[in-house]
Amino acid sequence: MKRLARHPAFFIAVLGTSCLLGYGWALGRYFVSEDFLILRQLTNSGLWPTVWEHATGPLLGVSFITFYRPVAAFLLHLEVLVWGTAPAGYLATHLVIHLLNAVLVQRLVAGRWAGGGVAAWVAALVFALHPLHPNTVLFVASFATLFGASFALISLLAYERHRSTSGGPALIASLASFVLALGCYEQAVILPLLAWAHELLEAWRRRSLRWRAVLPRVLPFAGILGLYFVVRRAALGDVIGGYTSLHQRFLKVDLAELARNLLAGFVRLAHPDFSAPVAPWALAATSVILLAGTTWSLVVLGHRSSNRGSEAGDSRTMPQAAVLWIFGLFWIVATQAPFAFGGVVPATGRYFYLTAIGLGLMITAGGRVLASFLRPSTAAAVPVLGVVLVLYYLVLLRQFAGIYLEAGDLASGIQKRLGALRETGHEQVFVVGQPQFVENRRGVRIAQVFHWGLADALEPPFAESPLVVYILPRFSDAALLPAVERPDLGAAFRYRPEAGTFEPLGLGARPEVARIESRRTAAGGLRFLPSAARHRLVVVARANTSLHRIASSSSADGWIDVPVPNRVVESMVRLYGSETYGWVEGRSEDGQLQAVSQLHVLGGGSAP
């Protein structure tokens with residue numbers, strides 16, 4: 001049995017069967033949200049022109065979200081050429097890639113990280129079946145995470161081989177895979193830190209740190225990182241990419257909030273049950289476990305006698321477990337740093353795809369320490385605990401995969417109902433209220449429905465007859481008056497979730513809302529006369545709505561100039577080639593609506 005368990009075909013079969021049990025029944029899932037947006041753009045573009053665009057600019061030309069992912073976009077474009085609009089093809093392909101990633105995790109842990117055995121199995125299965133991963137495997141738009149993880153793991157595996165053999169080809173393979181990982185996903189920038197952290201920890205354990213041996217392996221990675229930032233700057237005008245909200249979170253450092261987010265992230269990562277909030281006792285217990293485990297690990301590694309004598313038995317197990325614990329902890333923190341340690345929810349589980357590997361390493365370390373303190377007759381129970389944990393994750397995984405399947409059905413139904421409006425003579429409509437996510441009873445976002453991509457779902461190749469759709473903000477009827485009073489631009493509809501239908505947005509008696517005098521300037525800007533305590537610009541586009549706060553300063557004549565968000569407007573023109581609308585609204589200090597302006601064209605067309 002032991003010989004069978006060591007055979008590569010055996011663990012691949014186990015991992016494959018486990019993944020099919022968790023994901024197999026959801027492979028018939030339909031497209032959702034950004035799936036429509038990304039696949040429509042790639043379908044309607046030539047391969048090589050698109051490759052050049054992505055190599056010299058942001059993903060899909062969307063400049064207000066600075067993603068530089070030319071390699072991932074190229075790989076997905078190849079999938080588009082093969083699968084077209086067949087969702088099952090993408091999902092099956094991505095499940096195979098996920099299985100490959102799990103095998104790579106097993107190889108890494110079985111090598112120099114943990115020395116093989118049950119530890120590698122547990123770490124690989126924790127990664128393969130982690131309940132947060134459906135957002136990566138079953139959400140086509142998470143392609144960059146999946147591809148980037150593959151190249152990152154190959155790079156680490158090749159780097160570890162280079163450490164063992166000092167072979168040049170292994171180092172070249174590691175560097176090449178690192179370049180490809182950077183071209184897929186921004187999170188790959190932390191890859192060298194992970195490799196060097198383990199190298200330093202191992203050197204500490206063996207008392208064999210030699211900088212002359214380490215530096216030749218460090219410098220090439222540092223050089224590639226420097227070149228990557230230069231290329232990003234030249235192509236995007238921004239060194240650090242991603243969402244603006246994450247940038248702002250980095251700039252507003254609150255140590256207390258940071259500590260709580262870290263602890264809550266550890267709790268959710270280990271126990272991804274979102275039916276109840278994280279209890280204070282869970283945060284306290286997690287902090288005690290992390291502090292105790294880290295203190296113990298540092299003591300073990302700092303005790304010189306732990307490296308004396310034979311490398312067998314406890315003299316090897318304890319230091320190695322200490323390295324795994326600290327390395328796993330560092331892995332989790334490092335992989336979450338690019339996301340500013342944001343809240344853990346299944347709908348953004350792709351942020352935690354690589355992070356789950358660190359959890360597997362820490363569980364492995366804890367299991368090794370626990371087994372070393374038990375008698376041989378009872379130590380066999382430790383692998384059983386690992387199996388129980390994996391089965392628990394499998395149950396949660398199937399539950400979340402089922403919700404992702406439900407989200408696909410909901411997106412398909414909405415697509416068909418809106419498509420029916422085209423048959424009744426509508427060519428352009430405004431819509432509001434469509435579900436962005438499937439949420440649980442606590443309002444936790446589990447799976448995307450139409451956070452983005454509703455307009456794309458009503459365009460070719462997903463619809464034979466296109467329907468132009470604009471997304472209105474999720475306001476009350478009165479606050480949507482500027483859009484409703486322009487039937488010449490299109491009828492307005494609100495989604496009623498209880499009936500699953502779109503109903504005309506009728507205001508009945510005109511609401512008592514004051515009007516804000518506004519006008520377009522000769523230069524194409526927007527001006528208005530203030531009439532409330534606070535004002536903001538409501539931008540209505542086909543991709544989504546955005547709200548922009550307006551500074552209260554005014555000119556000598558009392559008018560306020562509104563800065564039009566040109567990057568948003570230009571991106572909408574790039575994606576859809578149509579107008580972007582907007583209006584100014586005024587609210588009181590407590591948020592009550594007081595006044596609205598007329599609807600204006602902000603870009604992509606002529607002003608009314």
# chains A, B, ... in the order shown; residues from 1 in each chain; ligands from 1
>>> select_by_dssp(residues="stretch 420-555 of chain A", states="strand (DSSP E)", output="ChimeraX atom specification")
/A:428-432,437-439,445-448,468-471,491-496,501-504,514-515,518-520,526-528,534-540,545-550
>>> write_last_selection(atoms="N, CA and C atoms", output="compact mmCIF listing (two decimals), in the first residue's frame")
# COMPACT_ATOMS: atom_id res chain seq x y z
N GLN A 428 -33.02 50.22 -26.87
CA GLN A 428 -32.13 50.70 -25.81
C GLN A 428 -32.96 50.87 -24.55
N VAL A 429 -32.45 50.36 -23.41
CA VAL A 429 -33.19 50.43 -22.15
C VAL A 429 -32.23 50.78 -21.02
N PHE A 430 -32.81 51.33 -19.94
CA PHE A 430 -32.13 51.51 -18.67
C PHE A 430 -32.69 50.47 -17.70
N VAL A 431 -31.83 49.82 -16.96
CA VAL A 431 -32.30 48.81 -16.01
C VAL A 431 -31.67 49.06 -14.65
N VAL A 432 -32.40 48.64 -13.61
CA VAL A 432 -31.92 48.80 -12.24
C VAL A 432 -32.42 47.61 -11.42
N PHE A 437 -25.05 39.70 -6.91
CA PHE A 437 -24.49 38.49 -6.32
C PHE A 437 -25.62 37.64 -5.77
N VAL A 438 -25.35 36.34 -5.61
CA VAL A 438 -26.18 35.50 -4.75
C VAL A 438 -25.63 35.65 -3.34
N GLU A 439 -26.47 36.06 -2.42
CA GLU A 439 -26.04 36.29 -1.05
C GLU A 439 -26.74 35.32 -0.10
N ARG A 445 -21.69 37.85 0.24
CA ARG A 445 -21.67 37.58 -1.20
C ARG A 445 -21.02 36.24 -1.47
N ILE A 446 -21.77 35.34 -2.08
CA ILE A 446 -21.27 33.99 -2.33
C ILE A 446 -20.82 33.82 -3.79
N ALA A 447 -21.64 34.30 -4.73
CA ALA A 447 -21.32 34.08 -6.14
C ALA A 447 -21.82 35.25 -6.98
N GLN A 448 -21.05 35.63 -8.01
CA GLN A 448 -21.44 36.71 -8.91
C GLN A 448 -22.62 36.29 -9.79
N VAL A 468 -29.34 47.31 -26.43
CA VAL A 468 -28.44 48.23 -25.75
C VAL A 468 -28.95 48.45 -24.33
N VAL A 469 -28.15 48.10 -23.34
CA VAL A 469 -28.56 48.16 -21.94
C VAL A 469 -27.63 49.11 -21.18
N TYR A 470 -28.24 50.02 -20.43
CA TYR A 470 -27.51 50.90 -19.52
C TYR A 470 -27.89 50.55 -18.09
N ILE A 471 -26.89 50.55 -17.21
CA ILE A 471 -27.10 50.14 -15.82
C ILE A 471 -27.33 51.38 -14.96
N ALA A 491 -36.56 53.21 -22.55
CA ALA A 491 -37.43 52.96 -21.41
C ALA A 491 -36.61 52.45 -20.23
N ALA A 492 -37.13 52.68 -19.02
CA ALA A 492 -36.44 52.26 -17.80
C ALA A 492 -37.23 51.13 -17.14
N PHE A 493 -36.50 50.13 -16.63
CA PHE A 493 -37.11 48.94 -16.01
C PHE A 493 -36.40 48.63 -14.70
N ARG A 494 -37.19 48.13 -13.74
CA ARG A 494 -36.64 47.68 -12.47
C ARG A 494 -36.87 46.18 -12.33
N TYR A 495 -35.84 45.48 -11.89
CA TYR A 495 -35.93 44.03 -11.68
C TYR A 495 -36.63 43.75 -10.36
N ARG A 496 -37.64 42.88 -10.41
CA ARG A 496 -38.37 42.48 -9.20
C ARG A 496 -37.95 41.06 -8.85
N THR A 501 -38.90 39.22 -12.71
CA THR A 501 -39.29 39.91 -13.95
C THR A 501 -38.77 41.35 -13.92
N PHE A 502 -38.76 41.98 -15.11
CA PHE A 502 -38.44 43.40 -15.24
C PHE A 502 -39.73 44.16 -15.50
N GLU A 503 -40.02 45.14 -14.65
CA GLU A 503 -41.24 45.93 -14.78
C GLU A 503 -40.89 47.37 -15.10
N PRO A 504 -41.73 48.05 -15.91
CA PRO A 504 -41.45 49.45 -16.25
C PRO A 504 -41.30 50.30 -15.00
N ALA A 514 -36.44 68.90 -6.27
CA ALA A 514 -36.00 70.15 -6.87
C ALA A 514 -35.06 69.87 -8.04
N ARG A 515 -34.97 70.84 -8.94
CA ARG A 515 -34.11 70.68 -10.10
C ARG A 515 -32.82 71.48 -9.92
N SER A 518 -28.07 72.91 -14.68
CA SER A 518 -26.77 72.40 -15.14
C SER A 518 -26.65 72.63 -16.64
N ARG A 519 -25.41 72.59 -17.13
CA ARG A 519 -25.19 72.80 -18.56
C ARG A 519 -23.82 72.26 -18.94
N ARG A 520 -23.67 71.97 -20.22
CA ARG A 520 -22.38 71.56 -20.77
C ARG A 520 -21.58 72.80 -21.14
N LEU A 526 -18.85 69.92 -17.57
CA LEU A 526 -20.18 70.05 -16.99
C LEU A 526 -20.12 71.06 -15.86
N ARG A 527 -21.16 71.92 -15.78
CA ARG A 527 -21.24 72.92 -14.73
C ARG A 527 -22.65 72.88 -14.14
N PHE A 528 -22.75 73.27 -12.84
CA PHE A 528 -24.08 73.31 -12.23
C PHE A 528 -24.08 74.33 -11.10
N ARG A 534 -24.50 68.46 -0.16
CA ARG A 534 -23.53 67.60 -0.81
C ARG A 534 -23.99 67.30 -2.23
N HIS A 535 -23.04 67.18 -3.14
CA HIS A 535 -23.37 66.86 -4.52
C HIS A 535 -22.45 65.75 -5.02
N ARG A 536 -22.95 64.98 -5.96
CA ARG A 536 -22.12 63.97 -6.61
C ARG A 536 -22.59 63.76 -8.04
N LEU A 537 -21.66 63.31 -8.85
CA LEU A 537 -21.95 63.03 -10.25
C LEU A 537 -22.29 61.55 -10.38
N VAL A 538 -23.44 61.26 -10.95
CA VAL A 538 -23.89 59.89 -11.19
C VAL A 538 -23.57 59.56 -12.64
N VAL A 539 -22.67 58.61 -12.85
CA VAL A 539 -22.26 58.21 -14.20
C VAL A 539 -22.96 56.91 -14.55
N VAL A 540 -23.74 56.94 -15.61
CA VAL A 540 -24.50 55.78 -16.07
C VAL A 540 -23.85 55.27 -17.35
N THR A 545 -22.54 51.41 -13.07
CA THR A 545 -22.71 52.78 -12.59
C THR A 545 -21.55 53.14 -11.69
N SER A 546 -21.14 54.40 -11.71
CA SER A 546 -20.14 54.88 -10.76
C SER A 546 -20.58 56.23 -10.21
N LEU A 547 -20.24 56.47 -8.96
CA LEU A 547 -20.62 57.70 -8.26
C LEU A 547 -19.36 58.47 -7.91
N HIS A 548 -19.36 59.78 -8.17
CA HIS A 548 -18.17 60.60 -7.97
C HIS A 548 -18.54 61.84 -7.15
N ARG A 549 -17.93 61.94 -5.98
CA ARG A 549 -18.20 63.08 -5.10
C ARG A 549 -17.66 64.35 -5.73
N ILE A 550 -18.41 65.45 -5.61
CA ILE A 550 -18.03 66.73 -6.19
C ILE A 550 -17.62 67.68 -5.08
>>> select_by_dssp(residues="stretch 290-466 of chain A", states="helix (DSSP H, G or I)", output="VMD selection string")
chain A and resid 290 to 302 304 to 307 314 to 339 346 to 352 355 to 373 376 to 379 381 to 423 454 to 457
>>> residues_around(residues="A:Gly343", least_positions_apart="4", cutoff="12 Å", atoms="only C-alpha atoms", output="PDB file with N, CA, C and O atoms, in the first residue's frame")
ATOM      1  N   LEU A 246      -8.395  49.155  -3.228  1.00  0.00           N
ATOM      2  CA  LEU A 246      -7.272  48.521  -2.548  1.00  0.00           C
ATOM      3  C   LEU A 246      -6.130  49.512  -2.348  1.00  0.00           C
ATOM      4  O   LEU A 246      -5.472  49.509  -1.308  1.00  0.00           O
ATOM      5  N   ARG A 249      -7.035  51.604   0.587  1.00  0.00           N
ATOM      6  CA  ARG A 249      -6.907  50.872   1.843  1.00  0.00           C
ATOM      7  C   ARG A 249      -5.454  50.806   2.289  1.00  0.00           C
ATOM      8  O   ARG A 249      -5.143  50.865   3.466  1.00  0.00           O
ATOM      9  N   GLU A 257      -7.309  47.875  12.749  1.00  0.00           N
ATOM     10  CA  GLU A 257      -8.142  47.259  11.724  1.00  0.00           C
ATOM     11  C   GLU A 257      -7.371  46.202  10.948  1.00  0.00           C
ATOM     12  O   GLU A 257      -7.902  45.133  10.614  1.00  0.00           O
ATOM     13  N   LEU A 258      -6.086  46.474  10.692  1.00  0.00           N
ATOM     14  CA  LEU A 258      -5.248  45.523   9.988  1.00  0.00           C
ATOM     15  C   LEU A 258      -5.121  44.224  10.766  1.00  0.00           C
ATOM     16  O   LEU A 258      -5.248  43.129  10.206  1.00  0.00           O
ATOM     17  N   ARG A 260      -7.179  43.056  13.043  1.00  0.00           N
ATOM     18  CA  ARG A 260      -8.450  42.332  13.075  1.00  0.00           C
ATOM     19  C   ARG A 260      -8.747  41.654  11.747  1.00  0.00           C
ATOM     20  O   ARG A 260      -9.231  40.520  11.706  1.00  0.00           O
ATOM     21  N   ASN A 261      -8.445  42.344  10.643  1.00  0.00           N
ATOM     22  CA  ASN A 261      -8.662  41.741   9.327  1.00  0.00           C
ATOM     23  C   ASN A 261      -7.803  40.497   9.141  1.00  0.00           C
ATOM     24  O   ASN A 261      -8.238  39.497   8.564  1.00  0.00           O
ATOM     25  N   LEU A 262      -6.559  40.572   9.629  1.00  0.00           N
ATOM     26  CA  LEU A 262      -5.670  39.413   9.527  1.00  0.00           C
ATOM     27  C   LEU A 262      -6.230  38.230  10.311  1.00  0.00           C
ATOM     28  O   LEU A 262      -6.290  37.102   9.806  1.00  0.00           O
ATOM     29  N   LEU A 263      -6.648  38.482  11.561  1.00  0.00           N
ATOM     30  CA  LEU A 263      -7.178  37.400  12.385  1.00  0.00           C
ATOM     31  C   LEU A 263      -8.463  36.845  11.794  1.00  0.00           C
ATOM     32  O   LEU A 263      -8.665  35.630  11.729  1.00  0.00           O
ATOM     33  N   ALA A 264      -9.355  37.745  11.341  1.00  0.00           N
ATOM     34  CA  ALA A 264     -10.610  37.281  10.728  1.00  0.00           C
ATOM     35  C   ALA A 264     -10.328  36.498   9.458  1.00  0.00           C
ATOM     36  O   ALA A 264     -11.009  35.509   9.160  1.00  0.00           O
ATOM     37  N   GLY A 265      -9.303  36.911   8.705  1.00  0.00           N
ATOM     38  CA  GLY A 265      -8.928  36.182   7.506  1.00  0.00           C
ATOM     39  C   GLY A 265      -8.445  34.779   7.816  1.00  0.00           C
ATOM     40  O   GLY A 265      -8.784  33.820   7.124  1.00  0.00           O
ATOM     41  N   PHE A 266      -7.660  34.631   8.877  1.00  0.00           N
ATOM     42  CA  PHE A 266      -7.202  33.303   9.290  1.00  0.00           C
ATOM     43  C   PHE A 266      -8.380  32.429   9.693  1.00  0.00           C
ATOM     44  O   PHE A 266      -8.437  31.241   9.339  1.00  0.00           O
ATOM     45  N   VAL A 267      -9.329  33.002  10.431  1.00  0.00           N
ATOM     46  CA  VAL A 267     -10.501  32.228  10.864  1.00  0.00           C
ATOM     47  C   VAL A 267     -11.300  31.751   9.659  1.00  0.00           C
ATOM     48  O   VAL A 267     -11.655  30.574   9.553  1.00  0.00           O
ATOM     49  N   ARG A 268     -11.572  32.665   8.731  1.00  0.00           N
ATOM     50  CA  ARG A 268     -12.376  32.318   7.565  1.00  0.00           C
ATOM     51  C   ARG A 268     -11.640  31.355   6.635  1.00  0.00           C
ATOM     52  O   ARG A 268     -12.256  30.509   5.990  1.00  0.00           O
ATOM     53  N   LEU A 269     -10.340  31.491   6.557  1.00  0.00           N
ATOM     54  CA  LEU A 269      -9.572  30.602   5.708  1.00  0.00           C
ATOM     55  C   LEU A 269      -9.601  29.178   6.246  1.00  0.00           C
ATOM     56  O   LEU A 269      -9.760  28.213   5.495  1.00  0.00           O
ATOM     57  N   PHE A 274     -19.817  30.808   6.391  1.00  0.00           N
ATOM     58  CA  PHE A 274     -20.245  32.201   6.442  1.00  0.00           C
ATOM     59  C   PHE A 274     -21.694  32.352   6.905  1.00  0.00           C
ATOM     60  O   PHE A 274     -22.323  33.375   6.653  1.00  0.00           O
ATOM     61  N   PRO A 277     -21.403  35.441  11.839  1.00  0.00           N
ATOM     62  CA  PRO A 277     -20.226  36.314  11.875  1.00  0.00           C
ATOM     63  C   PRO A 277     -19.102  35.682  12.685  1.00  0.00           C
ATOM     64  O   PRO A 277     -19.321  34.757  13.474  1.00  0.00           O
ATOM     65  N   VAL A 278     -17.897  36.189  12.489  1.00  0.00           N
ATOM     66  CA  VAL A 278     -16.752  35.698  13.244  1.00  0.00           C
ATOM     67  C   VAL A 278     -16.911  36.119  14.703  1.00  0.00           C
ATOM     68  O   VAL A 278     -17.004  37.310  15.013  1.00  0.00           O
ATOM     69  N   GLN A 336      -1.659  37.713   0.868  1.00  0.00           N
ATOM     70  CA  GLN A 336      -2.784  38.609   1.108  1.00  0.00           C
ATOM     71  C   GLN A 336      -2.392  40.081   1.083  1.00  0.00           C
ATOM     72  O   GLN A 336      -3.249  40.949   0.958  1.00  0.00           O
ATOM     73  N   PHE A 339      -3.691  42.391  -1.616  1.00  0.00           N
ATOM     74  CA  PHE A 339      -5.124  42.689  -1.531  1.00  0.00           C
ATOM     75  C   PHE A 339      -5.467  43.458  -0.263  1.00  0.00           C
ATOM     76  O   PHE A 339      -6.636  43.556   0.108  1.00  0.00           O
ATOM     77  N   ALA A 347     -17.345  35.144  -2.872  1.00  0.00           N
ATOM     78  CA  ALA A 347     -17.428  35.816  -4.167  1.00  0.00           C
ATOM     79  C   ALA A 347     -16.104  36.430  -4.600  1.00  0.00           C
ATOM     80  O   ALA A 347     -15.937  36.764  -5.775  1.00  0.00           O
ATOM     81  N   THR A 348     -15.157  36.598  -3.672  1.00  0.00           N
ATOM     82  CA  THR A 348     -13.813  37.054  -4.022  1.00  0.00           C
ATOM     83  C   THR A 348     -12.783  36.006  -3.599  1.00  0.00           C
ATOM     84  O   THR A 348     -11.637  36.342  -3.280  1.00  0.00           O
ATOM     85  N   GLY A 349     -13.189  34.759  -3.620  1.00  0.00           N
ATOM     86  CA  GLY A 349     -12.312  33.679  -3.192  1.00  0.00           C
ATOM     87  C   GLY A 349     -11.055  33.542  -4.021  1.00  0.00           C
ATOM     88  O   GLY A 349     -10.085  32.939  -3.566  1.00  0.00           O
ATOM     89  N   TYR A 351      -8.933  35.704  -4.543  1.00  0.00           N
ATOM     90  CA  TYR A 351      -7.845  36.362  -3.823  1.00  0.00           C
ATOM     91  C   TYR A 351      -7.108  35.389  -2.899  1.00  0.00           C
ATOM     92  O   TYR A 351      -5.959  35.638  -2.531  1.00  0.00           O
ATOM     93  N   PHE A 352      -7.784  34.315  -2.519  1.00  0.00           N
ATOM     94  CA  PHE A 352      -7.231  33.384  -1.533  1.00  0.00           C
ATOM     95  C   PHE A 352      -6.840  32.047  -2.165  1.00  0.00           C
ATOM     96  O   PHE A 352      -6.624  31.075  -1.458  1.00  0.00           O
ATOM     97  N   VAL A 444     -23.831  37.966   2.973  1.00  0.00           N
ATOM     98  CA  VAL A 444     -22.477  37.671   2.506  1.00  0.00           C
ATOM     99  C   VAL A 444     -22.537  37.280   1.034  1.00  0.00           C
ATOM    100  O   VAL A 444     -23.352  36.434   0.640  1.00  0.00           O
ATOM    101  N   ARG A 445     -21.686  37.853   0.237  1.00  0.00           N
ATOM    102  CA  ARG A 445     -21.673  37.582  -1.200  1.00  0.00           C
ATOM    103  C   ARG A 445     -21.018  36.237  -1.473  1.00  0.00           C
ATOM    104  O   ARG A 445     -19.843  36.040  -1.161  1.00  0.00           O
TER     105      ARG A 445
END
>>> atom_distance(atom1="atom CA of A:Ser142", atom2="atom CA of A:Leu354")
13.0 Å
>>> residues_around(residues="A:Phe36", least_positions_apart="6", cutoff="7 Å", atoms="only C-alpha atoms", output="ChimeraX atom specification")
/A:453,456-457
>>> residues_around(residues="A:Leu156", least_positions_apart="3", cutoff="10 Å", atoms="only C-alpha atoms", output="list in words")
Leu104, Val105, Leu108, Phe151, Ala152, Leu153, Tyr159, Glu160, Arg161, His162, Leu171, Ala173, Ser174, Leu175, Ser177, Phe178, Leu191, Pro192, Leu194 and Ala195 of chain A
>>> closest_residue(among="A:Gln187, A:Ser531, A:Asn135, A:Ser287", to="A:Arg350", atoms="only C-alpha atoms")
A:Asn135
>>> closest_residue(among="A:Ala282, A:Ala88, A:Val484, A:Ala322", to="A:Thr294", atoms="only C-alpha atoms")
A:Ala322
>>> residues_around(residues="A:Thr66", least_positions_apart="2", cutoff="10 Å", atoms="only C-alpha atoms", output="list in words")
Gly57, Pro58, Leu59, Gly61, Val62, Ser63, Phe64, Tyr68, Arg69, Arg232, Ala235, Leu236, Gly237, Asp238, Val239, Ile240, Gly241, Gly242, Tyr243 and Thr244 of chain A
>>> write_last_selection(atoms="C-alpha atoms", output="JSON list (two decimals), in the first residue's frame")
[["chain", "number", "residue", "atom", "x", "y", "z"],
["A", 57, "GLY", "CA", -1.96, 48.50, -22.45],
["A", 58, "PRO", "CA", -4.37, 47.40, -19.73],
["A", 59, "LEU", "CA", -6.60, 44.34, -19.93],
["A", 61, "GLY", "CA", -8.30, 48.61, -22.66],
["A", 62, "VAL", "CA", -10.05, 49.39, -19.34],
["A", 63, "SER", "CA", -7.78, 52.14, -18.03],
["A", 64, "PHE", "CA", -9.57, 52.86, -14.75],
["A", 68, "TYR", "CA", -1.64, 44.15, -16.95],
["A", 69, "ARG", "CA", -2.26, 40.53, -17.94],
["A", 232, "ARG", "CA", 3.89, 48.32, -16.33],
["A", 235, "ALA", "CA", 2.14, 50.46, -20.71],
["A", 236, "LEU", "CA", -0.30, 51.60, -18.03],
["A", 237, "GLY", "CA", 1.24, 54.68, -16.45],
["A", 238, "ASP", "CA", 0.93, 52.92, -13.09],
["A", 239, "VAL", "CA", 3.46, 50.76, -11.26],
["A", 240, "ILE", "CA", 0.99, 49.18, -8.83],
["A", 241, "GLY", "CA", -2.15, 47.90, -10.54],
["A", 242, "GLY", "CA", -5.54, 46.66, -9.44],
["A", 243, "TYR", "CA", -8.61, 48.21, -7.90],
["A", 244, "THR", "CA", -8.58, 51.79, -6.64]]
>>> closest_residue(among="A:Thr43, A:Gln594, A:Ser552, A:Thr136", to="A:Pro346", atoms="only C-alpha atoms")
A:Thr136
>>> residues_around(residues="stretch 196-201 of chain A", least_positions_apart="2", cutoff="9 Å", atoms="only C-alpha atoms", output="ChimeraX atom specification")
/A:113,163,191-194,203-206,209,214,218,301,323-324,326-327,330-331
>>> closest_residue(among="A:Leu489, A:Ala522, A:Ala420, A:Leu593", to="A:Thr580", atoms="only C-alpha atoms")
A:Leu489
